[in-house]
Structure formats: C-alpha cells, structure tokens
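A.B. asks: Dropping in start10.txt, which is compact mmCIF, C-alpha atoms:
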```txt
# COMPACT_ATOMS: atom_id res chain seq x y z
CA MET A 1 1.45 -25.70 36.71
CA LYS A 2 4.67 -26.32 34.79
CA GLN A 3 2.72 -27.65 31.84
CA LYS A 4 0.49 -24.55 31.97
CA ASP A 5 3.60 -22.34 31.93
CA ASP A 6 4.89 -24.22 28.91
CA TYR A 7 1.70 -23.52 26.99
CA LEU A 8 1.86 -19.86 27.97
CA TRP A 9 5.41 -19.60 26.63
CA LYS A 10 4.42 -21.35 23.43
CA GLY A 11 1.57 -18.93 22.90
CA ILE A 12 3.48 -15.74 23.63
CA LEU A 13 6.38 -16.78 21.39
CA GLU A 14 3.95 -17.19 18.51
CA ASP A 15 2.29 -13.84 19.30
CA VAL A 16 5.53 -11.81 19.33
CA PHE A 17 8.01 -13.94 17.39
CA ASP A 18 8.89 -11.07 15.06
CA ASP A 19 9.54 -8.86 18.08
CA PHE A 20 11.68 -11.63 19.58
CA LEU A 21 13.90 -11.60 16.49
CA ARG A 22 14.18 -7.80 16.58
CA PHE A 23 14.87 -7.87 20.32
CA LEU A 24 17.89 -10.15 19.97
CA HIS A 25 19.09 -8.79 16.62
CA SER A 26 19.08 -5.04 16.00
CA ASP A 27 19.49 -5.68 12.26
CA ALA A 28 16.68 -8.26 12.07
CA ASP A 29 14.65 -6.23 9.57
CA LYS A 30 17.67 -6.11 7.28
CA VAL A 31 18.18 -9.88 7.49
CA PHE A 32 14.66 -11.29 7.68
CA ASP A 33 11.86 -10.54 5.23
CA LEU A 34 9.15 -10.63 7.89
CA ASN A 35 6.56 -9.34 5.43
CA ARG A 36 6.54 -12.83 3.94
CA GLY A 37 5.25 -14.18 7.21
CA ILE A 38 6.41 -16.70 9.80
CA THR A 39 5.44 -20.37 9.62
CA PHE A 40 5.57 -22.48 12.77
CA LEU A 41 6.54 -26.09 12.18
CA ASP A 42 5.11 -27.77 15.27
CA LYS A 43 4.06 -30.95 13.44
CA GLU A 44 7.46 -31.27 11.81
CA LEU A 45 9.12 -30.91 15.19
CA GLU A 46 6.87 -33.59 16.69
CA GLN A 47 7.91 -35.96 13.91
CA LEU A 48 11.55 -35.43 14.81
CA PHE A 49 10.89 -35.77 18.55
CA PRO A 50 7.94 -38.11 19.17
CA PRO A 51 6.76 -38.18 22.81
CA GLU A 52 7.98 -41.72 23.41
CA ASP A 53 11.48 -40.68 22.31
CA ASP A 54 11.74 -37.61 24.54
CA GLU A 55 12.17 -37.74 28.32
CA PHE A 56 11.89 -33.94 28.63
CA ALA A 57 8.10 -33.82 28.73
CA PRO A 58 6.23 -31.62 28.18
CA LYS A 59 8.09 -30.23 25.20
CA VAL A 60 5.44 -27.86 23.85
CA VAL A 61 7.73 -24.91 24.51
CA ASP A 62 10.08 -26.01 21.75
CA LYS A 63 9.34 -23.78 18.75
CA LEU A 64 10.50 -24.28 15.21
CA ALA A 65 9.82 -21.43 12.81
CA GLN A 66 10.41 -20.83 9.11
CA VAL A 67 11.31 -17.30 8.07
CA TYR A 68 12.63 -15.78 4.87
CA THR A 69 15.77 -13.71 4.42
CA TYR A 70 16.94 -10.87 2.16
CA ASP A 71 19.91 -12.81 0.76
CA GLY A 72 18.69 -12.79 -2.83
CA THR A 73 17.12 -16.25 -2.72
CA GLU A 74 14.04 -17.82 -1.22
CA GLU A 75 16.08 -19.81 1.24
CA TRP A 76 14.55 -19.91 4.69
CA ILE A 77 16.10 -20.30 8.10
CA LEU A 78 14.93 -22.60 10.85
CA ILE A 79 14.99 -21.01 14.27
CA HIS A 80 14.73 -23.29 17.25
CA VAL A 81 13.66 -21.50 20.43
CA GLU A 82 14.12 -23.38 23.68
CA VAL A 83 12.54 -22.31 26.97
CA GLN A 84 14.01 -24.16 29.94
CA GLY A 85 12.72 -23.56 33.46
CA SER A 86 15.12 -25.63 35.57
CA TYR A 87 18.57 -26.28 34.14
CA ARG A 88 19.64 -29.85 33.31
CA LYS A 89 23.26 -30.93 33.13
CA ASP A 90 22.74 -32.49 29.69
CA PHE A 91 20.93 -29.41 28.34
CA ALA A 92 23.68 -28.59 25.80
CA LEU A 93 23.49 -32.16 24.48
CA ARG A 94 19.75 -31.77 24.06
CA MET A 95 20.27 -28.58 22.05
CA PHE A 96 22.79 -30.37 19.83
CA THR A 97 20.39 -33.27 19.33
CA TYR A 98 17.75 -30.86 18.05
CA TYR A 99 20.32 -29.29 15.75
CA TYR A 100 21.52 -32.44 14.01
CA ARG A 101 18.05 -33.93 13.64
CA ILE A 102 16.66 -30.73 12.11
CA LEU A 103 19.70 -30.35 9.85
CA ASP A 104 19.44 -33.95 8.70
CA LYS A 105 15.79 -33.54 7.72
CA TYR A 106 15.77 -30.04 6.19
CA HIS A 107 19.39 -29.33 5.17
CA LYS A 108 18.90 -25.66 6.05
CA ARG A 109 20.85 -23.13 8.09
CA ILE A 110 19.72 -23.13 11.70
CA ALA A 111 19.76 -20.39 14.30
CA ALA A 112 19.17 -21.91 17.75
CA TYR A 113 18.17 -19.99 20.87
CA ALA A 114 17.95 -21.15 24.46
CA ILE A 115 15.90 -18.94 26.76
CA LEU A 116 16.63 -19.92 30.35
CA THR A 117 13.83 -18.92 32.74
CA GLU A 118 15.48 -20.16 35.93
CA ALA A 119 16.02 -17.71 38.79
CA SER A 120 19.71 -18.62 39.13
CA LYS A 121 22.32 -16.30 37.60
CA LYS A 122 24.89 -19.09 37.57
CA PRO A 123 26.72 -19.21 34.21
CA ARG A 124 25.53 -22.00 31.90
CA PRO A 125 27.44 -23.38 28.91
CA ASN A 126 26.17 -22.50 25.44
CA THR A 127 28.33 -25.08 23.68
CA TYR A 128 28.37 -28.83 23.25
CA GLU A 129 31.73 -30.43 22.53
CA GLU A 130 32.86 -34.00 21.87
CA GLU A 131 36.30 -35.35 20.89
CA PHE A 132 37.69 -38.83 20.38
CA MET A 133 40.85 -40.02 18.65
CA GLY A 134 41.34 -36.90 16.54
CA THR A 135 37.65 -36.53 15.67
CA GLY A 136 35.60 -33.85 17.37
CA ILE A 137 32.75 -31.42 17.15
CA SER A 138 31.92 -28.10 18.80
CA TYR A 139 28.34 -26.82 18.62
CA ARG A 140 27.45 -23.32 19.86
CA PHE A 141 23.96 -21.86 20.32
CA ASN A 142 22.53 -18.53 21.45
CA MET A 143 21.64 -18.29 25.13
CA TYR A 144 19.48 -15.69 26.84
CA LYS A 145 19.12 -15.79 30.62
CA ILE A 146 16.06 -14.03 32.01
CA ALA A 147 17.56 -13.56 35.49
CA GLU A 148 20.56 -11.60 34.15
CA GLN A 149 18.55 -8.87 32.40
CA ASP A 150 18.40 -5.30 33.71
CA ASP A 151 14.92 -4.01 34.59
CA GLU A 152 15.62 -0.39 33.64
CA ALA A 153 16.97 -1.35 30.23
CA LEU A 154 13.94 -3.56 29.61
CA LEU A 155 11.52 -0.79 30.62
CA ALA A 156 13.32 1.63 28.31
CA SER A 157 12.89 -0.72 25.36
CA ASN A 158 10.00 -0.19 22.95
CA ASN A 159 10.10 -3.83 21.88
CA PRO A 160 7.09 -5.85 23.15
CA PHE A 161 9.34 -8.81 23.90
CA ALA A 162 10.97 -6.74 26.64
CA LEU A 163 7.62 -6.92 28.48
CA VAL A 164 7.70 -10.71 28.12
CA VAL A 165 11.10 -10.75 29.81
CA LEU A 166 9.92 -8.40 32.56
CA THR A 167 6.91 -10.64 33.17
CA ALA A 168 9.14 -13.70 33.38
CA LYS A 169 11.36 -11.83 35.84
CA ALA A 170 8.30 -10.91 37.91
CA ALA A 171 7.93 -14.62 38.68
CA PHE A 172 11.01 -14.24 40.92
CA VAL A 173 9.43 -11.41 42.95
CA GLY A 174 8.70 -12.24 46.57
CA LYS A 175 10.27 -15.70 46.43
CA SER A 176 12.64 -14.73 49.24
CA LEU A 177 9.73 -13.76 51.52
CA ASN A 178 8.33 -16.43 53.81
CA ASN A 179 4.98 -14.69 54.21
CA ASP A 180 2.57 -15.35 51.30
CA SER A 181 0.58 -12.17 51.90
CA GLN A 182 3.72 -10.03 51.81
CA SER A 183 4.85 -11.80 48.67
CA ASP A 184 1.48 -11.18 47.01
CA GLU A 185 1.56 -7.49 47.96
CA VAL A 186 4.98 -6.99 46.38
CA LEU A 187 3.97 -8.96 43.32
CA LEU A 188 0.73 -6.99 42.98
CA GLN A 189 2.60 -3.71 42.61
CA VAL A 190 4.94 -5.23 40.03
CA LYS A 191 2.09 -6.67 37.96
CA ILE A 192 0.13 -3.41 38.07
CA GLN A 193 3.20 -1.51 36.85
CA LEU A 194 3.69 -3.98 33.99
CA ALA A 195 0.01 -3.78 33.04
CA ARG A 196 0.26 0.01 32.85
CA GLU A 197 3.41 -0.21 30.74
CA LEU A 198 1.64 -2.58 28.39
CA LEU A 199 -1.48 -0.49 27.99
CA ILE A 200 0.22 2.88 27.39
CA ARG A 201 2.43 1.58 24.60
CA ARG A 202 1.55 1.56 20.92
CA ILE A 203 1.25 -2.17 20.42
CA ALA A 204 -1.12 -4.02 18.09
CA LYS A 205 -4.32 -5.09 19.85
CA GLY A 206 -3.70 -8.76 19.12
CA LYS A 207 -0.30 -8.60 20.74
CA ILE A 208 -1.65 -6.65 23.73
CA ARG A 209 -4.16 -9.44 24.34
CA GLY A 210 -1.44 -12.07 24.26
CA LEU A 211 0.93 -10.08 26.46
CA MET A 212 -1.82 -9.37 29.01
CA ASN A 213 -2.78 -13.04 29.22
CA PHE A 214 0.86 -13.94 29.72
CA LEU A 215 1.07 -11.41 32.56
CA ARG A 216 -2.20 -12.62 34.09
CA TYR A 217 -1.49 -16.33 34.15
CA TYR A 218 2.29 -16.77 34.12
CA VAL A 219 2.78 -14.78 37.33
CA ARG A 220 0.25 -16.06 39.86
CA PHE A 221 -0.87 -14.85 43.28
CA ASP A 222 -1.38 -17.15 46.24
CA SER A 223 -4.52 -15.23 47.21
CA SER A 224 -7.59 -15.06 44.97
CA GLU A 225 -8.53 -11.79 46.67
CA VAL A 226 -5.29 -10.16 45.56
CA ASN A 227 -5.89 -11.45 42.04
CA THR A 228 -9.31 -9.77 42.08
CA ILE A 229 -7.65 -6.49 43.10
CA PHE A 230 -5.26 -6.82 40.15
CA GLU A 231 -8.10 -7.45 37.70
CA GLN A 232 -9.94 -4.39 39.01
CA GLU A 233 -6.82 -2.26 38.52
CA VAL A 234 -6.52 -3.52 34.94
CA GLU A 235 -10.14 -2.59 34.26
CA ASN A 236 -9.57 0.88 35.73
```
Please, can you express the file's structure as structure tokens?
C.D. replies:
Amino acid sequence: MKQKDDYLWKGILEDVFDDFLRFLHSDADKVFDLNRGITFLDKELEQLFPPEDDEFAPKVVDKLAQVYTYDGTEEWILIHVEVQGSYRKDFALRMFTYYYRILDKYHKRIAAYAILTEASKKPRPNTYEEEFMGTGISYRFNMYKIAEQDDEALLASNNPFALVVLTAKAAFVGKSLNNDSQSDEVLLQVKIQLARELLIRRIAKGKIRGLMNFLRYYVRFDSSEVNTIFEQEVEN
C-alpha cells in the first residue's frame, strides 16, 4: 500500500505542479515563466540515486523539475519535492545529500521542499548542520507539514493543490476510532464533501481527473460496500 501511495503522490505532483508552486509562493507567476512548461527529470534523478545506493525504497515520490524564471536569462531552477510518510531521524541528512549531488551535477540554483504526510504535529527540523575544527555547513530547506494545515483555510483556497492537502489530511480521519464501520462512515462524509468541492470548482478537466483519482485511491475504505456508496455519490 505504501508503494501505491508513493505512485499516487508522484502522479498528482506532476498533474498540479504549477499549482503547487503557486500554493507555496504567492508571487510564483512573477518568478516562474510557467508558460515555457515544466520538465520532470526522473531519469536524471535515478542516475544520481540508483536503487542499490538508496535504502529509502521506494523513492518514486522524489520529484525533480526544471522550470524557467523571469530573471532576464534562460537559467532554470531545479526543485526537489520530497514526500515523506513516516519521519526518519536522518531525514535532514537525506535532503542535504540530494542537494549536494544535484548541485554537483547541474551547478544550478536549487529550491528544495519536504512535504511531510505523517499524522504527527511534532516539530521537525528543516536544517542540516555539521561542524568540525572550524569548518561547518548549514543547509536549510522548505518544509510543509500536512497535519498542521487548517481545514477552513484550505477550503477557502481556490488553488487545486489545497484539495490535495485536504485529501492527504482525510487519511487521518477515523484513525482514533476502534470500530472500522464507524471510521468508514466518518470518512465517507469527508470524501463526499471533497468530491463536491472538486467538481464545483473551475479546474481544468485533466487536473480534475487526477485530483479525483487521488481522492479515490489515496484515502481508502475498509468496506467495499462503503466504497460503492461513495462511487454512486460521485456519479450523482
């Protein structure tokens, strides 16, 4: 199931990557020339991190994208998006490892993002620091914790990525209930509400398809009967 979730995150990030940039940066359209397109560098990333050299399998959620900026040149920025389900103590080191390997290969500016999808609201470090005998380094990356986000603010947002965050938060719904049927009932109402939000908004059809699939398969019911009820509601 974890591998399936990883593929779902990979797909939705590609579907709404421009919205992701706008969601985290209000001035994104002034910085990035998104009309020139976004190129995903999956093969390049695999060359830097071959499977036999990476203990954090599967790593398909790691996204490397090339975008252009409005800085007067054709220089592009590499953006590394990290989706981490359960937090690891050496996570910051992993982020730094990605940074220096990408920098060494491409010699480009890098904006790195860590999206933490864990249910815990415990603070996590967004820096990696090392020091020895007067020599040191401090690396800082952007961190976005799903569990900390406010539902009302997300619902008020017109950005499609807000629905991605709400869907990821829906995965926490009912976890505190011991009864599977009660958990499914609570989750059903949440998923129906999100489906309605998705369908009433003015979003490109291609993105709606991706967002709906993410909602369908990322947040799963224990009962197949409840899933059938959800699908019928979506059709209605």
A.B. asks: Please determine, counting all atoms listed in the file, which residue among A:Ile229, A:Ala204, A:Leu64, A:Val173 has the shortest atom-to-atom distance to Phe49 in chain A.
C.D. replies: A:Leu64
A.B. asks: At a cut-off of 12 Å, can you tabulate as a Markdown table every residue of range 106-137 of chain A near range 19-30 of chain A together with its closest atom pair and the distance in Å to one decimal, using only C-alpha atoms and ordering rows by chain then number?
C.D. replies:
```
| residue | atom | partner | partner_atom | distance |
| --- | --- | --- | --- | --- |
| A:Ala111 | CA | A:Leu21 | CA | 10.8 |
| A:Ala112 | CA | A:Leu21 | CA | 11.6 |
| A:Tyr113 | CA | A:Leu24 | CA | 9.9 |
| A:Ala114 | CA | A:Leu24 | CA | 11.9 |
| A:Ile115 | CA | A:Phe20 | CA | 11.1 |
```
A.B. asks: Can you measure CA of Phe172 in chain A to CA of Glu118 in chain A for me? One decimal in Å is fine.
C.D. replies: 8.9 Å
A.B. asks: Find the spatial neighbours of Leu166 in chain A, counting all atoms listed in the file, within a cut-off of 12 Å - ignore same-chain residues fewer than 6 positions away - and output them as a ChimeraX atom specification.
C.D. replies: /A:117,145-157,159-160,172-173,190-191,193-195,197-198,211,214-215,218-219
A.B. asks: Write the residues you've just listed into a file as a PDB file, in the frame of the given file, and include C-alpha atoms for each of them.
C.D. replies:
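Wrote part.pdb, looks like this:
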```pdb
ATOM      1  CA  THR A 117      13.830 -18.920  32.740  1.00  0.00           C
ATOM      2  CA  LYS A 145      19.120 -15.790  30.620  1.00  0.00           C
ATOM      3  CA  ILE A 146      16.060 -14.030  32.010  1.00  0.00           C
ATOM      4  CA  ALA A 147      17.560 -13.560  35.490  1.00  0.00           C
ATOM      5  CA  GLU A 148      20.560 -11.600  34.150  1.00  0.00           C
ATOM      6  CA  GLN A 149      18.550  -8.870  32.400  1.00  0.00           C
ATOM      7  CA  ASP A 150      18.400  -5.300  33.710  1.00  0.00           C
ATOM      8  CA  ASP A 151      14.920  -4.010  34.590  1.00  0.00           C
ATOM      9  CA  GLU A 152      15.620  -0.390  33.640  1.00  0.00           C
ATOM     10  CA  ALA A 153      16.970  -1.350  30.230  1.00  0.00           C
ATOM     11  CA  LEU A 154      13.940  -3.560  29.610  1.00  0.00           C
ATOM     12  CA  LEU A 155      11.520  -0.790  30.620  1.00  0.00           C
ATOM     13  CA  ALA A 156      13.320   1.630  28.310  1.00  0.00           C
ATOM     14  CA  SER A 157      12.890  -0.720  25.360  1.00  0.00           C
ATOM     15  CA  ASN A 159      10.100  -3.830  21.880  1.00  0.00           C
ATOM     16  CA  PRO A 160       7.090  -5.850  23.150  1.00  0.00           C
ATOM     17  CA  PHE A 172      11.010 -14.240  40.920  1.00  0.00           C
ATOM     18  CA  VAL A 173       9.430 -11.410  42.950  1.00  0.00           C
ATOM     19  CA  VAL A 190       4.940  -5.230  40.030  1.00  0.00           C
ATOM     20  CA  LYS A 191       2.090  -6.670  37.960  1.00  0.00           C
ATOM     21  CA  GLN A 193       3.200  -1.510  36.850  1.00  0.00           C
ATOM     22  CA  LEU A 194       3.690  -3.980  33.990  1.00  0.00           C
ATOM     23  CA  ALA A 195       0.010  -3.780  33.040  1.00  0.00           C
ATOM     24  CA  GLU A 197       3.410  -0.210  30.740  1.00  0.00           C
ATOM     25  CA  LEU A 198       1.640  -2.580  28.390  1.00  0.00           C
ATOM     26  CA  LEU A 211       0.930 -10.080  26.460  1.00  0.00           C
ATOM     27  CA  PHE A 214       0.860 -13.940  29.720  1.00  0.00           C
ATOM     28  CA  LEU A 215       1.070 -11.410  32.560  1.00  0.00           C
ATOM     29  CA  TYR A 218       2.290 -16.770  34.120  1.00  0.00           C
ATOM     30  CA  VAL A 219       2.780 -14.780  37.330  1.00  0.00           C
TER      31      VAL A 219
END
```
A.B. asks: Would you work out the distance separating CA of Asn126 in chain A from CA of Gly37 in chain A, expressed in Å to one decimal?
C.D. replies: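 So the answer is 29.0 Å.
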A.B. asks: Calculated over only C-alpha atoms, which of the candidates A:Tyr70, A:Leu48, A:Arg140, A:Glu233 has the smallest distance to Asp104 in chain A?
C.D. replies: A:Leu48
A.B. asks: Which one is closest to Val16 in chain A: A:Tyr217, A:Ala162, A:Thr167, A:Glu231? Count all atoms listed in the file.
C.D. replies: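 That would be A:Ala162, the residue with the smallest distance to Val16 in chain A.
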A.B. asks: Could you check the closest approach to Ala119 in chain A for each of A:Ser86, A:Tyr100, A:Tyr144, A:Phe132 and tell me which residue wins, using all atoms listed in the file?
C.D. replies: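 Looking only at the distances to Ala119 in chain A, the closest residue turns out to be A:Ser86.
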A.B. asks: Quick one: pull the distance between CA of Asp15 in chain A and CA of Tyr68 in chain A, Å, one decimal.
C.D. replies: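 These two atoms are separated by 17.9 Å.
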A.B. asks: Which of these, A:Lys169, A:Lys63, A:Asp42, A:Asn158, has the shortest distance to Arg202 in chain A once you count all atoms listed in the file?
C.D. replies: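 Distance minimum relative to Arg202 in chain A lands on A:Asn158.
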A.B. asks: Would you pick out the contacts of Arg124 in chain A at 10 Å or less, using only C-alpha atoms, so that residues sharing its chain but fewer than 4 positions from it are not included, and give the list as a list in words?
C.D. replies: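 Everything that qualifies: Tyr87, Arg88, Lys89, Phe91, Ala92, Leu116, Ser120, Met143 and Lys145 of chain A.
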A.B. asks: From the coordinates I just gave you, please extract range 138-162 of chain A so that only N, CA and C atoms remain, then output it as a PDB file, in the first residue's frame.
C.D. replies:
```
ATOM      1  N   SER A 138      25.626  24.695   7.019  1.00  0.00           N
ATOM      2  CA  SER A 138      24.239  24.726   7.469  1.00  0.00           C
ATOM      3  C   SER A 138      23.352  24.761   6.236  1.00  0.00           C
ATOM      4  N   TYR A 139      22.549  23.721   6.049  1.00  0.00           N
ATOM      5  CA  TYR A 139      21.674  23.606   4.887  1.00  0.00           C
ATOM      6  C   TYR A 139      20.218  23.682   5.356  1.00  0.00           C
ATOM      7  N   ARG A 140      19.439  24.568   4.742  1.00  0.00           N
ATOM      8  CA  ARG A 140      18.043  24.770   5.110  1.00  0.00           C
ATOM      9  C   ARG A 140      17.154  24.492   3.907  1.00  0.00           C
ATOM     10  N   PHE A 141      16.037  23.797   4.135  1.00  0.00           N
ATOM     11  CA  PHE A 141      15.096  23.502   3.059  1.00  0.00           C
ATOM     12  C   PHE A 141      13.677  23.841   3.507  1.00  0.00           C
ATOM     13  N   ASN A 142      12.784  23.997   2.547  1.00  0.00           N
ATOM     14  CA  ASN A 142      11.388  24.304   2.838  1.00  0.00           C
ATOM     15  C   ASN A 142      10.674  23.060   3.362  1.00  0.00           C
ATOM     16  N   MET A 143       9.880  23.229   4.406  1.00  0.00           N
ATOM     17  CA  MET A 143       9.119  22.107   4.944  1.00  0.00           C
ATOM     18  C   MET A 143       7.639  22.471   5.048  1.00  0.00           C
ATOM     19  N   TYR A 144       6.799  21.530   4.623  1.00  0.00           N
ATOM     20  CA  TYR A 144       5.357  21.728   4.674  1.00  0.00           C
ATOM     21  C   TYR A 144       4.739  20.490   5.316  1.00  0.00           C
ATOM     22  N   LYS A 145       4.144  20.670   6.489  1.00  0.00           N
ATOM     23  CA  LYS A 145       3.547  19.561   7.223  1.00  0.00           C
ATOM     24  C   LYS A 145       2.035  19.524   6.994  1.00  0.00           C
ATOM     25  N   ILE A 146       1.556  18.436   6.420  1.00  0.00           N
ATOM     26  CA  ILE A 146       0.145  18.275   6.123  1.00  0.00           C
ATOM     27  C   ILE A 146      -0.710  18.397   7.386  1.00  0.00           C
ATOM     28  N   ALA A 147      -0.283  17.770   8.469  1.00  0.00           N
ATOM     29  CA  ALA A 147      -1.093  17.696   9.692  1.00  0.00           C
ATOM     30  C   ALA A 147      -1.322  19.060  10.334  1.00  0.00           C
ATOM     31  N   GLU A 148      -0.466  20.039  10.046  1.00  0.00           N
ATOM     32  CA  GLU A 148      -0.570  21.349  10.688  1.00  0.00           C
ATOM     33  C   GLU A 148      -1.527  22.299   9.971  1.00  0.00           C
ATOM     34  N   GLN A 149      -2.005  21.931   8.804  1.00  0.00           N
ATOM     35  CA  GLN A 149      -2.772  22.862   7.978  1.00  0.00           C
ATOM     36  C   GLN A 149      -4.225  22.963   8.439  1.00  0.00           C
ATOM     37  N   ASP A 150      -4.786  24.160   8.296  1.00  0.00           N
ATOM     38  CA  ASP A 150      -6.143  24.456   8.745  1.00  0.00           C
ATOM     39  C   ASP A 150      -7.156  24.118   7.646  1.00  0.00           C
ATOM     40  N   ASP A 151      -8.159  23.315   7.990  1.00  0.00           N
ATOM     41  CA  ASP A 151      -9.148  22.875   7.005  1.00  0.00           C
ATOM     42  C   ASP A 151      -9.923  24.034   6.388  1.00  0.00           C
ATOM     43  N   GLU A 152     -10.347  24.990   7.204  1.00  0.00           N
ATOM     44  CA  GLU A 152     -11.133  26.112   6.693  1.00  0.00           C
ATOM     45  C   GLU A 152     -10.334  26.955   5.703  1.00  0.00           C
ATOM     46  N   ALA A 153      -9.071  27.183   6.017  1.00  0.00           N
ATOM     47  CA  ALA A 153      -8.225  27.958   5.117  1.00  0.00           C
ATOM     48  C   ALA A 153      -8.011  27.211   3.803  1.00  0.00           C
ATOM     49  N   LEU A 154      -7.867  25.907   3.878  1.00  0.00           N
ATOM     50  CA  LEU A 154      -7.684  25.106   2.665  1.00  0.00           C
ATOM     51  C   LEU A 154      -8.947  25.112   1.813  1.00  0.00           C
ATOM     52  N   LEU A 155     -10.114  25.007   2.444  1.00  0.00           N
ATOM     53  CA  LEU A 155     -11.378  25.029   1.706  1.00  0.00           C
ATOM     54  C   LEU A 155     -11.624  26.389   1.062  1.00  0.00           C
ATOM     55  N   ALA A 156     -11.125  27.440   1.697  1.00  0.00           N
ATOM     56  CA  ALA A 156     -11.311  28.793   1.165  1.00  0.00           C
ATOM     57  C   ALA A 156     -10.382  29.082  -0.001  1.00  0.00           C
ATOM     58  N   SER A 157      -9.353  28.268  -0.170  1.00  0.00           N
ATOM     59  CA  SER A 157      -8.386  28.489  -1.241  1.00  0.00           C
ATOM     60  C   SER A 157      -8.935  28.021  -2.581  1.00  0.00           C
ATOM     61  N   ASN A 158      -8.651  28.785  -3.632  1.00  0.00           N
ATOM     62  CA  ASN A 158      -9.048  28.396  -4.985  1.00  0.00           C
ATOM     63  C   ASN A 158      -7.978  27.577  -5.690  1.00  0.00           C
ATOM     64  N   ASN A 159      -6.869  27.348  -5.011  1.00  0.00           N
ATOM     65  CA  ASN A 159      -5.758  26.608  -5.615  1.00  0.00           C
ATOM     66  C   ASN A 159      -6.033  25.109  -5.537  1.00  0.00           C
ATOM     67  N   PRO A 160      -5.955  24.388  -6.661  1.00  0.00           N
ATOM     68  CA  PRO A 160      -6.217  22.945  -6.664  1.00  0.00           C
ATOM     69  C   PRO A 160      -5.327  22.159  -5.702  1.00  0.00           C
ATOM     70  N   PHE A 161      -4.124  22.667  -5.422  1.00  0.00           N
ATOM     71  CA  PHE A 161      -3.254  21.919  -4.516  1.00  0.00           C
ATOM     72  C   PHE A 161      -3.821  21.878  -3.101  1.00  0.00           C
ATOM     73  N   ALA A 162      -4.676  22.842  -2.760  1.00  0.00           N
ATOM     74  CA  ALA A 162      -5.318  22.823  -1.448  1.00  0.00           C
ATOM     75  C   ALA A 162      -6.173  21.566  -1.299  1.00  0.00           C
TER      76      ALA A 162
END
```
